[in-house]
Every structure is written in structure tokens, then in C-alpha cells.
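A.B. asks: Contents are PDB, C-alpha atoms; file name entry-v4.pdb:
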MODEL        1
ATOM      1  CA  MET A   1       0.000   0.000   0.000
ATOM      2  CA  GLN A   2       1.410   3.320  -1.002
ATOM      3  CA  ILE A   3       0.979   5.922   1.725
ATOM      4  CA  ASP A   4       0.580   9.385   0.222
ATOM      5  CA  ALA A   5       2.546  11.157   2.928
ATOM      6  CA  ARG A   6       5.880  11.206   4.717
ATOM      7  CA  LEU A   7       6.951  12.507   8.095
ATOM      8  CA  ARG A   8       9.966  14.814   8.401
ATOM      9  CA  PHE A   9      11.501  15.686  11.769
ATOM     10  CA  GLN A  10      14.665  16.241  13.758
ATOM     11  CA  LEU A  11      15.818  13.214  15.746
ATOM     12  CA  LYS A  12      18.514  13.975  18.285
ATOM     13  CA  GLY A  13      19.335  17.029  16.176
ATOM     14  CA  LYS A  14      19.655  15.039  12.930
ATOM     15  CA  HIS A  15      17.472  15.423   9.849
ATOM     16  CA  SER A  16      15.168  12.377   9.735
ATOM     17  CA  LEU A  17      12.489  11.034   7.455
ATOM     18  CA  PHE A  18       9.842   8.310   7.766
ATOM     19  CA  ARG A  19       8.232   7.120   4.535
ATOM     20  CA  ASN A  20       7.291   4.087   2.453
ATOM     21  CA  LEU A  21      10.266   1.854   1.861
ATOM     22  CA  GLU A  22      11.100   1.640  -1.859
ATOM     23  CA  PRO A  23      13.095  -1.001  -3.763
ATOM     24  CA  SER A  24      15.821   1.590  -4.364
ATOM     25  CA  ASP A  25      16.339   1.760  -0.565
ATOM     26  CA  ILE A  26      17.646  -1.811  -0.369
ATOM     27  CA  SER A  27      21.285  -1.735   0.696
ATOM     28  CA  GLY A  28      23.794  -4.445   1.475
ATOM     29  CA  GLU A  29      23.444  -3.661   5.172
ATOM     30  CA  TYR A  30      19.654  -4.028   4.955
ATOM     31  CA  LEU A  31      19.953  -7.412   3.207
ATOM     32  CA  LYS A  32      22.487  -8.594   5.809
ATOM     33  CA  ILE A  33      20.088  -7.706   8.631
ATOM     34  CA  LEU A  34      17.185  -9.428   6.856
ATOM     35  CA  ARG A  35      19.279 -12.571   6.439
ATOM     36  CA  GLN A  36      20.167 -12.563  10.138
ATOM     37  CA  ALA A  37      16.551 -11.973  11.162
ATOM     38  CA  GLY A  38      15.215 -14.542   8.688
ATOM     39  CA  THR A  39      13.883 -16.819  11.382
ATOM     40  CA  TYR A  40      11.609 -13.994  12.594
ATOM     41  CA  LEU A  41      10.469 -12.588   9.248
ATOM     42  CA  SER A  42       8.214 -14.592   6.955
ATOM     43  CA  ASN A  43       9.531 -13.113   3.698
ATOM     44  CA  THR A  44      13.275 -13.603   4.259
ATOM     45  CA  GLY A  45      15.853 -16.279   4.734
ATOM     46  CA  PRO A  46      19.604 -16.825   4.682
ATOM     47  CA  GLU A  47      19.781 -16.583   0.875
ATOM     48  CA  ILE A  48      17.521 -13.592   0.164
ATOM     49  CA  THR A  49      18.746 -11.496  -2.758
ATOM     50  CA  ARG A  50      18.362  -7.829  -3.627
ATOM     51  CA  HIS A  51      16.086  -8.831  -6.526
ATOM     52  CA  GLN A  52      13.840 -10.957  -4.274
ATOM     53  CA  GLN A  53      13.496  -8.195  -1.695
ATOM     54  CA  SER A  54      12.840  -5.602  -4.425
ATOM     55  CA  GLU A  55      10.027  -7.748  -5.819
ATOM     56  CA  TYR A  56       8.625  -8.239  -2.324
ATOM     57  CA  LEU A  57       8.604  -4.466  -1.713
ATOM     58  CA  ARG A  58       6.938  -3.820  -5.074
ATOM     59  CA  ALA A  59       4.209  -6.319  -4.157
ATOM     60  CA  ILE A  60       3.743  -4.657  -0.759
ATOM     61  CA  LEU A  61       3.408  -1.235  -2.398
ATOM     62  CA  ARG A  62       0.686  -2.663  -4.696
ATOM     63  CA  SER A  63      -1.072  -4.336  -1.760
ATOM     64  CA  GLU A  64      -4.397  -3.018  -0.515
ATOM     65  CA  ASN A  65      -3.726  -4.075   3.085
ATOM     66  CA  ASP A  66      -0.015  -3.841   3.911
ATOM     67  CA  THR A  67       2.923  -1.465   3.738
ATOM     68  CA  ILE A  68       6.508  -1.133   4.934
ATOM     69  CA  PHE A  69       7.958   2.127   6.194
ATOM     70  CA  GLY A  70      11.607   3.076   6.492
ATOM     71  CA  LEU A  71      13.169   5.264   9.179
ATOM     72  CA  PHE A  72      15.985   7.328   7.679
ATOM     73  CA  VAL A  73      18.402   9.379   9.788
ATOM     74  CA  GLU A  74      20.740  11.635   7.812
ATOM     75  CA  LYS A  75      19.560   9.736   4.667
ATOM     76  CA  ARG A  76      20.646   6.366   6.115
ATOM     77  CA  LEU A  77      18.035   3.625   6.512
ATOM     78  CA  ILE A  78      18.232   2.457  10.124
ATOM     79  CA  GLY A  79      14.948   0.602  10.596
ATOM     80  CA  THR A  80      11.658  -0.558   9.168
ATOM     81  CA  VAL A  81       8.098  -0.950  10.371
ATOM     82  CA  GLY A  82       5.908  -3.468   8.580
ATOM     83  CA  CYS A  83       2.195  -2.713   8.824
ATOM     84  CA  GLN A  84      -0.450  -5.300   8.021
ATOM     85  CA  ASN A  85      -4.252  -5.533   7.820
ATOM     86  CA  ILE A  86      -4.750  -1.810   7.175
ATOM     87  CA  SER A  87      -7.479  -1.564   4.525
ATOM     88  CA  GLY A  88     -11.092  -1.584   5.560
ATOM     89  CA  SER A  89     -10.415  -1.369   9.257
ATOM     90  CA  SER A  90      -9.481   1.192  11.812
ATOM     91  CA  GLU A  91      -6.722  -1.078  13.154
ATOM     92  CA  ALA A  92      -3.256  -2.054  11.902
ATOM     93  CA  THR A  93      -0.685  -4.592  13.056
ATOM     94  CA  LEU A  94       2.904  -3.378  13.432
ATOM     95  CA  GLY A  95       6.221  -5.223  13.199
ATOM     96  CA  LEU A  96       9.533  -3.481  13.915
ATOM     97  CA  LEU A  97      13.145  -4.034  12.848
ATOM     98  CA  ILE A  98      15.906  -1.614  13.917
ATOM     99  CA  PHE A  99      19.459  -2.090  12.620
ATOM    100  CA  PRO A 100      22.321  -2.305  13.088
ATOM    101  CA  GLU A 101      22.120  -3.903  16.520
ATOM    102  CA  THR A 102      24.605  -1.355  17.904
ATOM    103  CA  ILE A 103      21.940   1.377  17.780
ATOM    104  CA  ARG A 104      19.179  -0.577  19.487
ATOM    105  CA  ASN A 105      17.917   0.670  22.850
ATOM    106  CA  LYS A 106      18.666   4.280  21.885
ATOM    107  CA  GLY A 107      15.140   5.530  21.085
ATOM    108  CA  TYR A 108      14.973   4.660  17.387
ATOM    109  CA  GLY A 109      12.392   1.905  17.943
ATOM    110  CA  SER A 110       9.992   4.158  19.837
ATOM    111  CA  THR A 111      10.480   6.801  17.148
ATOM    112  CA  ALA A 112       9.658   4.325  14.370
ATOM    113  CA  ILE A 113       6.546   3.073  16.197
ATOM    114  CA  TRP A 114       5.300   6.619  16.816
ATOM    115  CA  CYS A 115       5.946   7.613  13.189
ATOM    116  CA  ALA A 116       4.076   4.582  11.804
ATOM    117  CA  CYS A 117       1.073   5.229  14.031
ATOM    118  CA  ARG A 118       1.083   8.941  13.231
ATOM    119  CA  LEU A 119       1.278   8.448   9.440
ATOM    120  CA  LEU A 120      -1.312   5.666   9.330
ATOM    121  CA  SER A 121      -3.670   7.772  11.414
ATOM    122  CA  ALA A 122      -3.189  10.885   9.271
ATOM    123  CA  ASP A 123      -3.269   9.150   5.878
ATOM    124  CA  ARG A 124      -5.644   6.206   6.424
ATOM    125  CA  GLY A 125      -7.677   7.063   9.519
ATOM    126  CA  VAL A 126      -6.225   4.173  11.531
ATOM    127  CA  TYR A 127      -6.649   4.788  15.244
ATOM    128  CA  SER A 128      -5.984   1.376  16.836
ATOM    129  CA  PHE A 129      -2.701  -0.524  16.677
ATOM    130  CA  ARG A 130      -1.466  -3.920  17.788
ATOM    131  CA  ALA A 131       1.822  -5.799  17.838
ATOM    132  CA  GLY A 132       2.783  -9.365  18.628
ATOM    133  CA  VAL A 133       5.988  -9.781  20.602
ATOM    134  CA  SER A 134       7.836 -12.910  21.661
ATOM    135  CA  ALA A 135       7.163 -13.394  25.362
ATOM    136  CA  ASP A 136      10.932 -13.828  25.836
ATOM    137  CA  ASN A 137      11.844 -10.536  24.126
ATOM    138  CA  LEU A 138      12.035  -8.245  27.149
ATOM    139  CA  ALA A 139      13.510  -5.313  25.193
ATOM    140  CA  SER A 140      10.601  -5.281  22.715
ATOM    141  CA  LYS A 141       8.064  -5.653  25.504
ATOM    142  CA  ARG A 142       9.570  -2.628  27.302
ATOM    143  CA  LEU A 143       9.678  -0.689  24.022
ATOM    144  CA  PHE A 144       5.990  -1.149  23.250
ATOM    145  CA  HIS A 145       5.040  -0.415  26.853
ATOM    146  CA  ARG A 146       7.097   2.836  26.835
ATOM    147  CA  SER A 147       5.480   3.761  23.508
ATOM    148  CA  GLY A 148       1.999   3.701  25.061
ATOM    149  CA  PHE A 149       0.947   0.133  24.228
ATOM    150  CA  ARG A 150      -0.623  -2.173  26.818
ATOM    151  CA  GLU A 151      -0.370  -5.941  27.027
ATOM    152  CA  THR A 152      -3.782  -7.375  26.204
ATOM    153  CA  LYS A 153      -3.201 -11.059  25.631
ATOM    154  CA  HIS A 154      -0.651 -13.812  26.226
ATOM    155  CA  ILE A 155      -0.776 -16.646  23.707
ATOM    156  CA  GLU A 156       0.850 -19.569  25.525
ATOM    157  CA  ASN A 157       1.079 -22.040  22.650
ATOM    158  CA  GLU A 158       2.878 -19.420  20.498
ATOM    159  CA  ASN A 159       4.930 -17.882  23.350
ATOM    160  CA  LYS A 160       3.663 -14.476  22.217
ATOM    161  CA  VAL A 161       2.287 -11.384  23.898
ATOM    162  CA  VAL A 162      -0.122  -9.050  22.096
ATOM    163  CA  TYR A 163       0.109  -5.312  22.721
ATOM    164  CA  ARG A 164      -2.513  -2.731  21.736
ATOM    165  CA  ALA A 165      -2.779   1.054  21.710
ATOM    166  CA  LEU A 166      -5.085   3.761  20.461
ATOM    167  CA  ILE A 167      -3.503   6.667  18.579
ATOM    168  CA  SER A 168      -4.196   8.877  21.618
ATOM    169  CA  ASP A 169      -2.077   6.497  23.760
ATOM    170  CA  VAL A 170       0.981   6.451  21.486
ATOM    171  CA  THR A 171       3.483   8.900  22.911
ATOM    172  CA  GLN A 172       5.749  11.126  20.834
ATOM    173  CA  PRO A 173       9.344  10.377  21.855
ATOM    174  CA  SER A 174      11.097  13.303  23.526
ATOM    175  CA  GLN A 175      13.973  13.136  21.027
ATOM    176  CA  VAL A 176      11.593  13.861  18.087
ATOM    177  CA  GLU A 177      11.456  17.575  17.321
ATOM    178  CA  SER A 178       9.554  19.625  14.736
ATOM    179  CA  PRO A 179       7.552  16.792  13.108
ATOM    180  CA  LYS A 180       5.828  17.715   9.871
ATOM    181  CA  ILE A 181       3.690  15.558   7.593
ATOM    182  CA  ASP A 182       4.150  16.202   3.881
ATOM    183  CA  ARG A 183       1.245  15.005   1.726
ATOM    184  CA  PHE A 184       1.765  14.009  -1.901
ATOM    185  CA  HIS A 185      -1.907  13.968  -2.984
ATOM    186  CA  ASP A 186      -4.938  15.571  -1.398
TER     187      ASP A 186
ENDMDL
END
Please lay out the structure from this file as C-alpha cells.
C.D. replies:
Amino acid sequence: MQIDARLRFQLKGKHSLFRNLEPSDISGEYLKILRQAGTYLSNTGPEITRHQQSEYLRAILRSENDTIFGLFVEKRLIGTVGCQNISGSSEATLGLLIFPETIRNKGYGSTAIWCACRLLSADRGVYSFRAGVSADNLASKRLFHRSGFRETKHIENENKVVYRALISDVTQPSQVESPKIDRFHD
């Protein structure tokens, strides 16, 4: 799904942008991270190629229900948020990947979550969000909790916790300054 807007802002004093991820954004670093995370992501694996990921992104952009956003800091892609089940509902499911690992736990995840919720709300009228997190992933559980999400369900047989938030609950990270939504079509 193509979102007809992007979010510009300052993040820790650096020019930052949150927008749909495009095939031209695929870098070697991004592919390396996808290969490492392949056990967690349904569309990747240890042998994923640039061509395969480009085709996947093109399909996502044509989708009526899903999209992938990229978080860019100083023009460098540092994370993605996959959003599913958007069309025809007021709710979306979020999945987060921040890379490289050396920048995790520094506020980029909460920024990406806030940006995704803000853009989906502004562009598609989505006001309710959910995320599934491995029950063992304490860092992700803390991240969603700090971002305004609340644990609503524990799925024992999948070892997963479901978090939910309304747009009014999702907190703007303190390191995000001067956010501005640019619309492409009105």
C-alpha cells in the first residue's frame, strides 16, 4: 500500500524522514540484517537477494492491506516498520526491525513506532494498533510499553504477547522535534 505522505523531523538534532520503503532503498546492510533476522520474518531467509526483496517491496506497495515504512536518519536507513491488515479497518498490526544492533535501545524503535502510528492515522484514519511480541523478548516488551501500548493477551502455545494502543495512547518520543507531515496527494 502506497501511503501518500511522509513525516519529516529532527531526531537527536539530525534530519530524519519516515516514509514508504522503496526497492531503491535496499542496501547491502539491509539485506544482511534481513538474512540474520530470517527466522523472525516470513519473507526472508539466509539466501535472500536484492532482486527478491525488491520484488517483495513492489508487491507490498501494490497491496491493498499492507505497507513497509523506512526510518531514515541523515539519509541512512536504520529501521523498518511493517504494517499489516490496514485496509477496511481502523486497526493495523505493526512489526519493527531496527538495525544495526549497535543502535538498538537508543530511542529509534519508539520513534519508528510513533511515526508509523502517526502516518497511518493521518493518511488512512487508523486509530488502533497492535503488535505481537515474543514473550521472551524483554527489550521489545519494554519498548511497546514505553510507547503507550498495553499488554492485552498472552498466547501460551505461540509464546507471544499481544500489545494494543489507540492513537491517543501512542506517545511522541522526547527526542523527536519539529515533526511535519508532507502530503503528496490531497
A.B. asks: From the list A:Phe18, A:Lys75, A:Thr80, A:Trp114, which residue is nearest A:Leu57 when using all atoms listed in the file?
C.D. replies: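 Among the listed residues, the smallest separation from A:Leu57 belongs to A:Thr80.
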A.B. asks: Hey, can you check how far atom CA of A:Ser168 sits from atom CA of A:Ala135?
C.D. replies: 25.3 Å
A.B. asks: Measure the distance from atom CA of A:Val161 to atom CA of A:Leu71 in Å and round it to one decimal.
C.D. replies: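 Separating atom CA of A:Val161 from atom CA of A:Leu71 is a distance of 24.7 Å.
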A.B. asks: Please measure the separation of atom CA of A:Cys83 and atom CA of A:Leu120, giving the value in Å to one decimal.
C.D. replies: 9.1 Å
A.B. asks: Would you mind listing what lies within 12 Å of stretch 25-32 of chain A as an NGL selection string, with only C-alpha atoms counted and same-chain residues fewer than 5 positions away left out?
C.D. replies: :A and (19-20 or 37-38 or 43-58 or 68-72 or 75-80 or 97-101)
A.B. asks: Can you work out which one of A:Leu166, A:Leu143, A:Leu21, A:Ile60 has the shortest atom-to-atom distance to A:Arg130, counting only C-alpha atoms?
C.D. replies: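 For A:Arg130, the nearest of the candidates is A:Leu166.
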A.B. asks: Running the PyMOL selection byres ((chain A and resi 154) around 12) on this model by hand, what would come out? Give it as a PyMOL selection string.
C.D. replies: chain A and resi 131-136+141+150-153+155-163
A.B. asks: Output, as JSON, the centre and edge lengths in Å (one decimal) of the axis-aligned box that contains all listed atoms of stretch 27-35 of chain A with 8 Å of margin on each side.
C.D. replies:
{"center_x": 20.5, "center_y": -7.2, "center_z": 4.7, "size_x": 22.6, "size_y": 26.8, "size_z": 23.9}
A.B. asks: Translate the PyMOL selection byres ((chain A and resi 95) around 7), as applied to the file shown, into an explicit residue set as a PyMOL selection string.
C.D. replies: chain A and resi 81-83+93-94+96+131
A.B. asks: List the neighbours of A:Gln2 out to 8 Å using all atoms listed in the file; skip same-chain residues closer than 4 positions along the sequence, and give me the result as a VMD selection string.
C.D. replies: chain A and resid 20 61 to 62 67
A.B. asks: Just say which residues the PyMOL selection byres ((chain A and resi 3-15) around 8) picks in this file, as a VMD selection string.
C.D. replies: chain A and resid 1 to 2 16 to 20 67 73 to 75 115 119 to 120 123 175 to 185
A.B. asks: So which one's closest to A:Leu138, A:Asn105, A:Gln84, A:Thr111, A:Ser121? Using all atoms listed in the file, please.
C.D. replies: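 Looking at the shortest contact to A:Leu138, the residue is A:Asn105.
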A.B. asks: Select, from A:Ser128, A:Ala122, A:Asn85, A:Ala59, the residue with the minimum atom-to-atom distance to A:Glu22, counting all atoms listed in the file.
C.D. replies: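 Of all the options, A:Ala59 lies closest to A:Glu22.
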